[in-house]
Amino acid sequence: MQIIDGKAVSAAVRDRIKTEVENLKNMGKETGLAVIIVGNDPASKVYVSNKKKGCEQVGMNSYEYALPEETTTEELLELIEKLNGDTKIDGILCQLPLPRHIDEKTVINSIAPQKDVDAFHPVNTGHIMIGDHSFLPCTPAGIIEMLKYYNIQISGKECVVIGRSNIVGKPMAMLLLQNSGTVTVCHSKTENLSDVTRRADILVAAVGKANFVTADMIKDGAVVIDVGMNRNAEGKLCGDVDFENVKDKCSYITPVPGGVGPMTITMLLNNTLTASKNNM
Ligand code: NAP
């Protein structure tokens, strides 16, 4: 069994991004990411701070817009419209979740698709479906990057994704399909889930429940990718997979922390680089 080291893959990708950002700068093109955060959610604040740090690390400019909890949808749309027209901003990221009174869908749809580095705008999700995308959603793209880094073959393999969210499960399934995997998507209504997961050569768990994937659900030699970010009874960060009992059945497995997580921000930086190149 080999542990997939998300930090190592992430460092390698960030080195490449840093070089490309510097090359653009030498040609007179700086790269800028606008990060919008509304309200005081502590987890969101940590994510935003990590995204800013990531920008610094690869030589991108980050511009933070921290808005108060009581910001209205209209006020947020006004800011996004300004950023859409601002030439020093290549990418716009609006940290989710937004406070309940804000219309999240309208906000996502207001970001110019060419600056939508999270790839949540329907235009970009449509491009992902067709396969002629500029941006890929960060978490699934990071997983594909990790599989490629470890030379794990997707083509022809049975791939099972547990979870069908717009952010992880659905785009993950689409990317595995584009890489010629044979893909099954499971969700809370799936019957006989273990029978399906036991067929998987590559199993991706994106459920949001600690210890959800147990050893009896795994085929011997499977590749197990754990997207979950949960807190266990002791308050420690853990994934969806019962790591200790599953690891010995796998050929490869991602740990939590240190697996999928580090790749997500790296792929955001990669999308911002793409946006910058497209803006030259
Ligand atoms: P989500 O929107 O809550 O989706 C969870 C999915 O799991 C749903 O499709 C749900 O099915 C399915 N599910 C729930 N219970 C199930 C069951 N008993 N059997 C089979 N499927 C079941 O969550 P998400 O946004 O995709 O995120 C999933 C996890 O990944 C969370 O822990 C989140 O924190 C983590 N995450 C990590 C990263 C990272 O960078 N590492 C990024 C994003 C998310 P239904 O659709 O039928 O309800």
# chains A, B, ... in the order shown; residues from 1 in each chain; ligands from 1

call {"tool": "closest_atom_pairs", "arguments": {"of": "chain A", "to": "ligand 1", "cutoff": "6 Å", "atoms": "only C-alpha atoms and all ligand atoms", "output": "CSV"}}
result
residue,atom,partner,partner_atom_place_in_ligand_line,distance
A:Thr139,CA,ligand 1,40 (O),5.4
A:Ile162,CA,ligand 1,21 (N),5.5
A:Gly163,CA,ligand 1,9 (O),3.6
A:Arg164,CA,ligand 1,9 (O),3.8
A:Ser165,CA,ligand 1,26 (O),4.4
A:Ile167,CA,ligand 1,25 (O),5.8
A:Val168,CA,ligand 1,26 (O),4.7
A:Gly169,CA,ligand 1,26 (O),5.7
A:Cys186,CA,ligand 1,20 (C),5.8
A:His187,CA,ligand 1,21 (N),3.4
A:Ser188,CA,ligand 1,21 (N),3.7
A:Lys189,CA,ligand 1,47 (O),5.6
A:Ala206,CA,ligand 1,28 (C),4.1
A:Val207,CA,ligand 1,7 (O),3.5
A:Gly208,CA,ligand 1,32 (O),3.1
A:Val227,CA,ligand 1,30 (O),4.7
A:Gly228,CA,ligand 1,32 (O),3.5
A:Met229,CA,ligand 1,32 (O),4.0
A:Asn230,CA,ligand 1,32 (O),5.4
A:Val260,CA,ligand 1,41 (N),4.9
A:Gly261,CA,ligand 1,41 (N),3.7
A:Thr264,CA,ligand 1,40 (O),4.9

call {"tool": "write_last_selection", "arguments": {"atoms": "all heavy atoms", "output": "CSV table (one decimal), in the first residue's frame"}}
result
chain,number,residue,atom,x,y,z
A,139,THR,N,-11.4,20.7,-6.6
A,139,THR,CA,-11.2,19.4,-5.8
A,139,THR,C,-11.1,18.2,-6.8
A,139,THR,O,-10.1,17.5,-6.8
A,139,THR,CB,-12.2,19.2,-4.8
A,139,THR,OG1,-12.2,20.4,-3.9
A,139,THR,CG2,-12.0,18.0,-4.0
A,162,ILE,N,-18.8,8.2,-4.5
A,162,ILE,CA,-19.9,8.3,-3.6
A,162,ILE,C,-20.1,9.7,-3.3
A,162,ILE,O,-19.2,10.4,-2.8
A,162,ILE,CB,-19.6,7.5,-2.2
A,162,ILE,CG1,-18.9,6.2,-2.4
A,162,ILE,CG2,-21.0,7.3,-1.5
A,162,ILE,CD1,-18.6,5.5,-1.1
A,163,GLY,N,-21.3,10.3,-3.7
A,163,GLY,CA,-21.6,11.7,-3.6
A,163,GLY,C,-21.9,12.3,-4.9
A,163,GLY,O,-21.2,11.9,-5.9
A,164,ARG,N,-22.9,13.1,-5.0
A,164,ARG,CA,-23.3,13.7,-6.3
A,164,ARG,C,-23.4,15.2,-6.2
A,164,ARG,O,-24.3,15.8,-6.8
A,164,ARG,CB,-24.5,13.1,-6.8
A,164,ARG,CG,-25.7,13.2,-5.8
A,164,ARG,CD,-27.0,12.7,-6.4
A,164,ARG,NE,-28.0,12.5,-5.4
A,164,ARG,CZ,-29.2,12.0,-5.6
A,164,ARG,NH1,-29.6,11.8,-6.8
A,164,ARG,NH2,-30.1,11.9,-4.6
A,165,SER,N,-22.6,15.9,-5.3
A,165,SER,CA,-22.8,17.3,-5.2
A,165,SER,C,-22.2,18.0,-6.5
A,165,SER,O,-21.4,17.4,-7.2
A,165,SER,CB,-22.0,17.8,-4.0
A,165,SER,OG,-20.6,17.7,-4.2
A,167,ILE,N,-20.2,20.4,-6.5
A,167,ILE,CA,-18.9,20.9,-6.3
A,167,ILE,C,-17.9,19.7,-6.4
A,167,ILE,O,-16.8,19.9,-6.9
A,167,ILE,CB,-18.7,21.5,-4.9
A,167,ILE,CG1,-19.6,22.8,-4.8
A,167,ILE,CG2,-17.3,21.8,-4.5
A,167,ILE,CD1,-19.6,23.5,-3.5
A,168,VAL,N,-18.3,18.5,-5.9
A,168,VAL,CA,-17.3,17.4,-5.9
A,168,VAL,C,-17.8,16.2,-6.7
A,168,VAL,O,-17.2,15.9,-7.8
A,168,VAL,CB,-17.0,16.9,-4.5
A,168,VAL,CG1,-15.9,15.9,-4.5
A,168,VAL,CG2,-16.6,18.1,-3.5
A,169,GLY,N,-18.9,15.6,-6.3
A,169,GLY,CA,-19.3,14.3,-6.9
A,169,GLY,C,-19.6,14.3,-8.4
A,169,GLY,O,-19.0,13.5,-9.1
A,186,CYS,N,-22.8,7.1,-6.8
A,186,CYS,CA,-23.7,6.6,-5.8
A,186,CYS,C,-24.1,7.8,-4.9
A,186,CYS,O,-23.4,8.8,-4.9
A,186,CYS,CB,-23.0,5.6,-4.9
A,186,CYS,SG,-22.4,4.2,-5.7
A,187,HIS,N,-25.2,7.7,-4.2
A,187,HIS,CA,-25.7,8.7,-3.4
A,187,HIS,C,-26.6,8.1,-2.3
A,187,HIS,O,-26.6,6.9,-2.1
A,187,HIS,CB,-26.5,9.7,-4.2
A,187,HIS,CG,-27.4,9.0,-5.2
A,187,HIS,ND1,-28.6,8.5,-4.8
A,187,HIS,CD2,-27.3,8.7,-6.5
A,187,HIS,CE1,-29.2,7.9,-5.9
A,187,HIS,NE2,-28.4,8.0,-6.9
A,188,SER,N,-27.3,9.0,-1.6
A,188,SER,CA,-28.0,8.4,-0.4
A,188,SER,C,-29.1,7.5,-0.7
A,188,SER,O,-29.6,6.7,0.1
A,188,SER,CB,-28.6,9.6,0.5
A,188,SER,OG,-29.5,10.3,-0.2
A,189,LYS,N,-29.6,7.5,-2.0
A,189,LYS,CA,-30.7,6.5,-2.4
A,189,LYS,C,-30.1,5.3,-3.0
A,189,LYS,O,-30.9,4.4,-3.4
A,189,LYS,CB,-31.7,7.2,-3.3
A,189,LYS,CG,-32.2,8.5,-2.8
A,189,LYS,CD,-33.2,8.3,-1.7
A,189,LYS,CE,-33.9,9.6,-1.3
A,189,LYS,NZ,-33.0,10.6,-0.6
A,206,ALA,N,-16.9,11.2,-1.3
A,206,ALA,CA,-17.2,12.6,-1.0
A,206,ALA,C,-18.6,12.7,-0.4
A,206,ALA,O,-19.6,13.1,-1.0
A,206,ALA,CB,-17.2,13.4,-2.3
A,207,VAL,N,-18.7,12.2,0.9
A,207,VAL,CA,-19.9,12.1,1.6
A,207,VAL,C,-20.1,13.1,2.7
A,207,VAL,O,-21.1,13.7,2.9
A,207,VAL,CB,-20.1,10.6,2.1
A,207,VAL,CG1,-21.4,10.4,2.8
A,207,VAL,CG2,-19.9,9.6,1.1
A,208,GLY,N,-19.0,13.3,3.5
A,208,GLY,CA,-19.1,14.2,4.6
A,208,GLY,C,-19.5,13.5,5.9
A,208,GLY,O,-20.1,14.1,6.7
A,227,VAL,N,-12.2,12.4,0.0
A,227,VAL,CA,-12.4,13.8,-0.1
A,227,VAL,C,-13.0,14.4,1.2
A,227,VAL,O,-12.8,15.6,1.5
A,227,VAL,CB,-13.4,14.1,-1.2
A,227,VAL,CG1,-13.6,15.6,-1.4
A,227,VAL,CG2,-13.0,13.5,-2.5
A,228,GLY,N,-13.6,13.6,2.0
A,228,GLY,CA,-14.3,14.0,3.2
A,228,GLY,C,-13.4,14.9,4.2
A,228,GLY,O,-12.2,14.7,4.3
A,229,MET,N,-14.0,15.9,4.8
A,229,MET,CA,-13.3,16.7,5.8
A,229,MET,C,-14.3,16.8,7.0
A,229,MET,O,-15.2,17.6,6.9
A,229,MET,CB,-13.0,18.1,5.2
A,229,MET,CG,-11.9,18.1,4.3
A,229,MET,SD,-10.9,19.5,4.3
A,229,MET,CE,-12.0,20.7,3.7
A,230,ASN,N,-14.1,15.9,7.9
A,230,ASN,CA,-15.0,15.8,9.1
A,230,ASN,C,-14.2,16.0,10.4
A,230,ASN,O,-13.0,15.9,10.4
A,230,ASN,CB,-15.7,14.5,9.0
A,230,ASN,CG,-16.2,14.1,7.7
A,230,ASN,OD1,-17.1,14.8,7.1
A,230,ASN,ND2,-15.7,13.0,7.1
A,260,VAL,N,-6.2,15.0,-0.4
A,260,VAL,CA,-6.9,15.8,-1.3
A,260,VAL,C,-6.9,17.3,-1.0
A,260,VAL,O,-6.7,18.1,-1.8
A,260,VAL,CB,-8.4,15.3,-1.4
A,260,VAL,CG1,-9.2,16.2,-2.3
A,260,VAL,CG2,-8.5,13.9,-1.9
A,261,GLY,N,-7.0,17.6,0.3
A,261,GLY,CA,-7.1,19.0,0.8
A,261,GLY,C,-6.0,19.9,0.2
A,261,GLY,O,-6.4,20.9,-0.4
A,264,THR,N,-6.6,21.2,-3.5
A,264,THR,CA,-7.7,22.0,-3.8
A,264,THR,C,-7.3,23.5,-4.1
A,264,THR,O,-7.6,24.1,-5.1
A,264,THR,CB,-8.8,21.9,-2.8
A,264,THR,OG1,-9.3,20.6,-2.8
A,264,THR,CG2,-10.0,22.8,-3.1

call {"tool": "residues_around", "arguments": {"residues": "Ile253 (chain A)", "least_positions_apart": "5", "cutoff": "12 Å", "atoms": "only C-alpha atoms", "output": "NGL selection string"}}
result
:A and (1-6 or 143 or 146-147 or 150 or 152 or 201-205 or 218 or 221-227 or 239 or 241-248 or 258-260)

call {"tool": "write_last_selection", "arguments": {"atoms": "C-alpha atoms", "output": "mmCIF file, in the first residue's frame"}}
result
data_model
loop_
_atom_site.group_PDB
_atom_site.id
_atom_site.type_symbol
_atom_site.label_atom_id
_atom_site.label_comp_id
_atom_site.auth_asym_id
_atom_site.auth_seq_id
_atom_site.Cartn_x
_atom_site.Cartn_y
_atom_site.Cartn_z
ATOM 1 C CA MET A 1 0.000 0.000 0.000
ATOM 2 C CA GLN A 2 1.244 3.447 -0.883
ATOM 3 C CA ILE A 3 0.012 6.672 0.667
ATOM 4 C CA ILE A 4 -0.744 9.377 -1.869
ATOM 5 C CA ASP A 5 1.076 12.438 -0.602
ATOM 6 C CA GLY A 6 -1.086 15.428 -1.509
ATOM 7 C CA ILE A 143 -7.670 14.368 -7.635
ATOM 8 C CA MET A 146 -2.738 13.234 -8.051
ATOM 9 C CA LEU A 147 -3.750 10.077 -9.926
ATOM 10 C CA TYR A 150 1.317 8.481 -9.283
ATOM 11 C CA ILE A 152 -2.480 5.442 -11.694
ATOM 12 C CA ASP A 201 -10.736 -0.116 -8.902
ATOM 13 C CA ILE A 202 -10.825 3.584 -8.011
ATOM 14 C CA LEU A 203 -13.177 4.648 -5.214
ATOM 15 C CA VAL A 204 -13.775 8.341 -4.469
ATOM 16 C CA ALA A 205 -15.618 9.121 -1.219
ATOM 17 C CA ILE A 218 -13.273 -2.138 -0.579
ATOM 18 C CA GLY A 221 -5.928 -3.523 -4.351
ATOM 19 C CA ALA A 222 -8.300 -0.600 -4.927
ATOM 20 C CA VAL A 223 -7.209 3.030 -5.099
ATOM 21 C CA VAL A 224 -9.121 4.948 -2.414
ATOM 22 C CA ILE A 225 -9.500 8.723 -2.593
ATOM 23 C CA ASP A 226 -10.947 10.355 0.516
ATOM 24 C CA VAL A 227 -12.445 13.804 -0.089
ATOM 25 C CA GLY A 239 -12.054 11.912 6.167
ATOM 26 C CA VAL A 241 -12.787 6.533 5.090
ATOM 27 C CA ASP A 242 -11.974 4.319 8.072
ATOM 28 C CA PHE A 243 -8.300 4.779 7.208
ATOM 29 C CA GLU A 244 -6.737 2.376 9.736
ATOM 30 C CA ASN A 245 -8.838 -0.606 8.655
ATOM 31 C CA VAL A 246 -9.054 0.216 4.945
ATOM 32 C CA LYS A 247 -5.412 1.049 4.217
ATOM 33 C CA ASP A 248 -4.126 -2.532 4.143
ATOM 34 C CA GLY A 258 -2.511 15.692 3.737
ATOM 35 C CA GLY A 259 -4.298 14.080 0.779
ATOM 36 C CA VAL A 260 -6.950 15.793 -1.334
#

call {"tool": "closest_residue", "arguments": {"among": "A:Ala112, A:Ala43, A:Leu273, A:Met27", "to": "Glu81 (chain A)", "atoms": "only C-alpha atoms"}}
result
A:Ala112

call {"tool": "closest_residue", "arguments": {"among": "A:Val35, A:Pro99, A:Ile111, A:Tyr65", "to": "Lys53 (chain A)", "atoms": "only C-alpha atoms"}}
result
A:Val35

call {"tool": "select_by_dssp", "arguments": {"residues": "region 94-246 of chain A", "states": "helix (DSSP H, G or I)", "output": "count of residues only"}}
result
53

call {"tool": "select_by_dssp", "arguments": {"residues": "region 16-260 of chain A", "states": "strand (DSSP E or B)", "output": "count of residues only"}}
result
48

call {"tool": "closest_residue", "arguments": {"among": "A:Ala233, A:Ala210, A:Met60, A:Ala141", "to": "Val256 (chain A)", "atoms": "only C-alpha atoms"}}
result
A:Ala210

call {"tool": "atom_distance", "arguments": {"atom1": "CA of Asp103 (chain A)", "atom2": "CA of Asn50 (chain A)"}}
result
25.4 Å

call {"tool": "closest_residue", "arguments": {"among": "A:Glu56, A:Glu64, A:Glu234, A:Asp132", "to": "Cys94 (chain A)", "atoms": "only C-alpha atoms"}}
result
A:Glu64

call {"tool": "atom_distance", "arguments": {"atom1": "CA of Pro42 (chain A)", "atom2": "CA of Ala8 (chain A)"}}
result
27.0 Å

call {"tool": "atom_distance", "arguments": {"atom1": "CA of Gly32 (chain A)", "atom2": "CA of Met174 (chain A)"}}
result
28.8 Å

call {"tool": "closest_residue", "arguments": {"among": "A:Val107, A:Lys170, A:Asp90, A:Phe212", "to": "Asn232 (chain A)", "atoms": "only C-alpha atoms"}}
result
A:Phe212

call {"tool": "closest_residue", "arguments": {"among": "A:Pro97, A:Glu145, A:Lys219, A:Asn211", "to": "Arg231 (chain A)", "atoms": "only C-alpha atoms"}}
result
A:Asn211

call {"tool": "residues_around", "arguments": {"residues": "Lys115 (chain A)", "least_positions_apart": "4", "cutoff": "12 Å", "atoms": "only C-alpha atoms", "output": "VMD selection string"}}
result
chain A and resid 31 to 35 80 to 81 83 to 94 108 to 111 119 to 121 123 to 124 134 to 135 268 271 to 279

call {"tool": "write_last_selection", "arguments": {"atoms": "N, CA, C and O atoms", "output": "short mmCIF file (atom, residue, chain, number, x, y, z; two decimals), in the first residue's frame"}}
result
data_model
loop_
_atom_site.label_atom_id
_atom_site.label_comp_id
_atom_site.auth_asym_id
_atom_site.auth_seq_id
_atom_site.Cartn_x
_atom_site.Cartn_y
_atom_site.Cartn_z
N THR A 31 -0.56 38.68 -12.35
CA THR A 31 -1.73 37.81 -12.17
C THR A 31 -2.42 38.17 -10.85
O THR A 31 -1.76 38.24 -9.81
N GLY A 32 -3.73 38.39 -10.90
CA GLY A 32 -4.44 38.82 -9.70
C GLY A 32 -5.70 38.02 -9.41
O GLY A 32 -6.48 37.72 -10.31
N LEU A 33 -5.86 37.66 -8.14
CA LEU A 33 -7.06 36.93 -7.70
C LEU A 33 -7.80 37.77 -6.66
O LEU A 33 -7.20 38.21 -5.67
N ALA A 34 -9.10 37.99 -6.89
CA ALA A 34 -9.94 38.67 -5.90
C ALA A 34 -10.64 37.61 -5.06
O ALA A 34 -11.24 36.68 -5.60
N VAL A 35 -10.51 37.73 -3.74
CA VAL A 35 -11.15 36.78 -2.84
C VAL A 35 -12.19 37.53 -2.00
O VAL A 35 -11.85 38.44 -1.26
N ILE A 80 -19.07 42.48 -7.47
CA ILE A 80 -18.65 41.51 -8.49
C ILE A 80 -18.64 42.17 -9.88
O ILE A 80 -17.72 41.95 -10.67
N GLU A 81 -19.62 43.01 -10.11
CA GLU A 81 -19.67 43.70 -11.42
C GLU A 81 -18.42 44.56 -11.60
O GLU A 81 -17.81 44.58 -12.68
N LEU A 83 -15.50 44.06 -10.16
CA LEU A 83 -14.34 43.17 -10.33
C LEU A 83 -14.33 42.53 -11.72
O LEU A 83 -13.27 42.32 -12.31
N ASN A 84 -15.52 42.26 -12.25
CA ASN A 84 -15.61 41.69 -13.61
C ASN A 84 -14.94 42.62 -14.62
O ASN A 84 -14.34 42.17 -15.60
N GLY A 85 -15.03 43.94 -14.35
CA GLY A 85 -14.49 44.91 -15.31
C GLY A 85 -13.10 45.40 -14.95
O GLY A 85 -12.55 46.25 -15.65
N ASP A 86 -12.52 44.86 -13.90
CA ASP A 86 -11.22 45.35 -13.42
C ASP A 86 -10.10 44.52 -14.08
O ASP A 86 -9.98 43.32 -13.85
N THR A 87 -9.25 45.18 -14.85
CA THR A 87 -8.24 44.43 -15.63
C THR A 87 -7.13 43.83 -14.77
O THR A 87 -6.44 42.91 -15.22
N LYS A 88 -6.95 44.32 -13.54
CA LYS A 88 -5.88 43.70 -12.72
C LYS A 88 -6.38 42.42 -12.02
O LYS A 88 -5.60 41.67 -11.45
N ILE A 89 -7.67 42.15 -12.13
CA ILE A 89 -8.26 40.94 -11.55
C ILE A 89 -8.46 39.89 -12.65
O ILE A 89 -9.25 40.10 -13.57
N ASP A 90 -7.75 38.76 -12.53
CA ASP A 90 -7.94 37.67 -13.50
C ASP A 90 -8.97 36.66 -13.02
O ASP A 90 -9.69 36.06 -13.82
N GLY A 91 -8.99 36.44 -11.70
CA GLY A 91 -9.93 35.46 -11.15
C GLY A 91 -10.72 36.05 -9.99
O GLY A 91 -10.20 36.88 -9.24
N ILE A 92 -11.97 35.62 -9.87
CA ILE A 92 -12.81 36.07 -8.75
C ILE A 92 -13.29 34.83 -8.00
O ILE A 92 -13.86 33.91 -8.61
N LEU A 93 -13.05 34.83 -6.71
CA LEU A 93 -13.52 33.71 -5.90
C LEU A 93 -14.41 34.26 -4.80
O LEU A 93 -14.01 35.16 -4.07
N CYS A 94 -15.62 33.75 -4.72
CA CYS A 94 -16.52 34.17 -3.65
C CYS A 94 -16.65 32.99 -2.69
O CYS A 94 -17.20 31.94 -3.07
N ILE A 108 -23.24 33.41 -7.90
CA ILE A 108 -22.36 32.57 -8.73
C ILE A 108 -22.53 32.92 -10.22
O ILE A 108 -21.57 33.07 -10.96
N ASN A 109 -23.79 33.11 -10.62
CA ASN A 109 -24.07 33.38 -12.04
C ASN A 109 -23.60 34.76 -12.47
O ASN A 109 -23.54 35.04 -13.67
N SER A 110 -23.31 35.64 -11.50
CA SER A 110 -22.92 37.01 -11.85
C SER A 110 -21.42 37.14 -12.12
O SER A 110 -20.96 38.12 -12.68
N ILE A 111 -20.65 36.13 -11.71
CA ILE A 111 -19.20 36.19 -11.95
C ILE A 111 -18.94 35.92 -13.43
O ILE A 111 -19.48 34.96 -14.00
N ALA A 119 -14.93 27.53 -11.15
CA ALA A 119 -15.65 26.76 -12.19
C ALA A 119 -17.04 26.33 -11.73
O ALA A 119 -17.47 25.21 -11.98
N PHE A 120 -17.75 27.24 -11.07
CA PHE A 120 -19.11 26.93 -10.61
C PHE A 120 -20.19 27.54 -11.53
O PHE A 120 -21.35 27.19 -11.42
N HIS A 121 -19.80 28.50 -12.39
CA HIS A 121 -20.78 29.15 -13.26
C HIS A 121 -21.33 28.11 -14.25
O HIS A 121 -20.57 27.28 -14.76
N VAL A 123 -22.00 28.23 -17.28
CA VAL A 123 -21.26 28.21 -18.56
C VAL A 123 -20.05 27.29 -18.42
O VAL A 123 -19.76 26.46 -19.30
N ASN A 124 -19.36 27.40 -17.30
CA ASN A 124 -18.16 26.56 -17.11
C ASN A 124 -18.54 25.10 -16.83
O ASN A 124 -17.86 24.19 -17.31
N SER A 134 -12.00 25.65 -19.89
CA SER A 134 -10.80 26.41 -19.50
C SER A 134 -10.47 26.09 -18.04
O SER A 134 -9.32 25.93 -17.68
N PHE A 135 -11.52 26.05 -17.23
CA PHE A 135 -11.33 25.80 -15.80
C PHE A 135 -12.01 24.50 -15.39
O PHE A 135 -13.11 24.19 -15.87
N LEU A 268 -6.89 25.89 -7.61
CA LEU A 268 -7.44 27.25 -7.72
C LEU A 268 -6.37 28.18 -8.30
O LEU A 268 -6.65 29.00 -9.19
N ASN A 271 -6.05 27.49 -11.95
CA ASN A 271 -7.12 28.13 -12.73
C ASN A 271 -6.87 29.63 -12.87
O ASN A 271 -7.15 30.21 -13.93
N THR A 272 -6.35 30.25 -11.82
CA THR A 272 -6.08 31.69 -11.88
C THR A 272 -4.96 31.97 -12.90
O THR A 272 -5.03 32.94 -13.65
N LEU A 273 -3.99 31.08 -12.93
CA LEU A 273 -2.91 31.20 -13.93
C LEU A 273 -3.50 31.10 -15.35
O LEU A 273 -3.18 31.89 -16.23
N THR A 274 -4.40 30.12 -15.54
CA THR A 274 -5.04 29.96 -16.85
C THR A 274 -5.79 31.23 -17.25
O THR A 274 -5.69 31.71 -18.38
N ALA A 275 -6.53 31.80 -16.26
CA ALA A 275 -7.30 33.02 -16.53
C ALA A 275 -6.36 34.16 -16.93
O ALA A 275 -6.64 34.93 -17.85
N SER A 276 -5.23 34.23 -16.24
CA SER A 276 -4.25 35.29 -16.52
C SER A 276 -3.70 35.15 -17.93
O SER A 276 -3.60 36.13 -18.67
N LYS A 277 -3.35 33.92 -18.30
CA LYS A 277 -2.83 33.68 -19.65
C LYS A 277 -3.88 34.07 -20.70
O LYS A 277 -3.57 34.67 -21.72
N ASN A 278 -5.15 33.71 -20.41
CA ASN A 278 -6.23 34.02 -21.35
C ASN A 278 -6.45 35.52 -21.48
O ASN A 278 -7.05 35.98 -22.45
N ASN A 279 -6.01 36.28 -20.45
CA ASN A 279 -6.23 37.73 -20.43
C ASN A 279 -5.10 38.51 -21.08
O ASN A 279 -5.10 39.73 -21.04
#
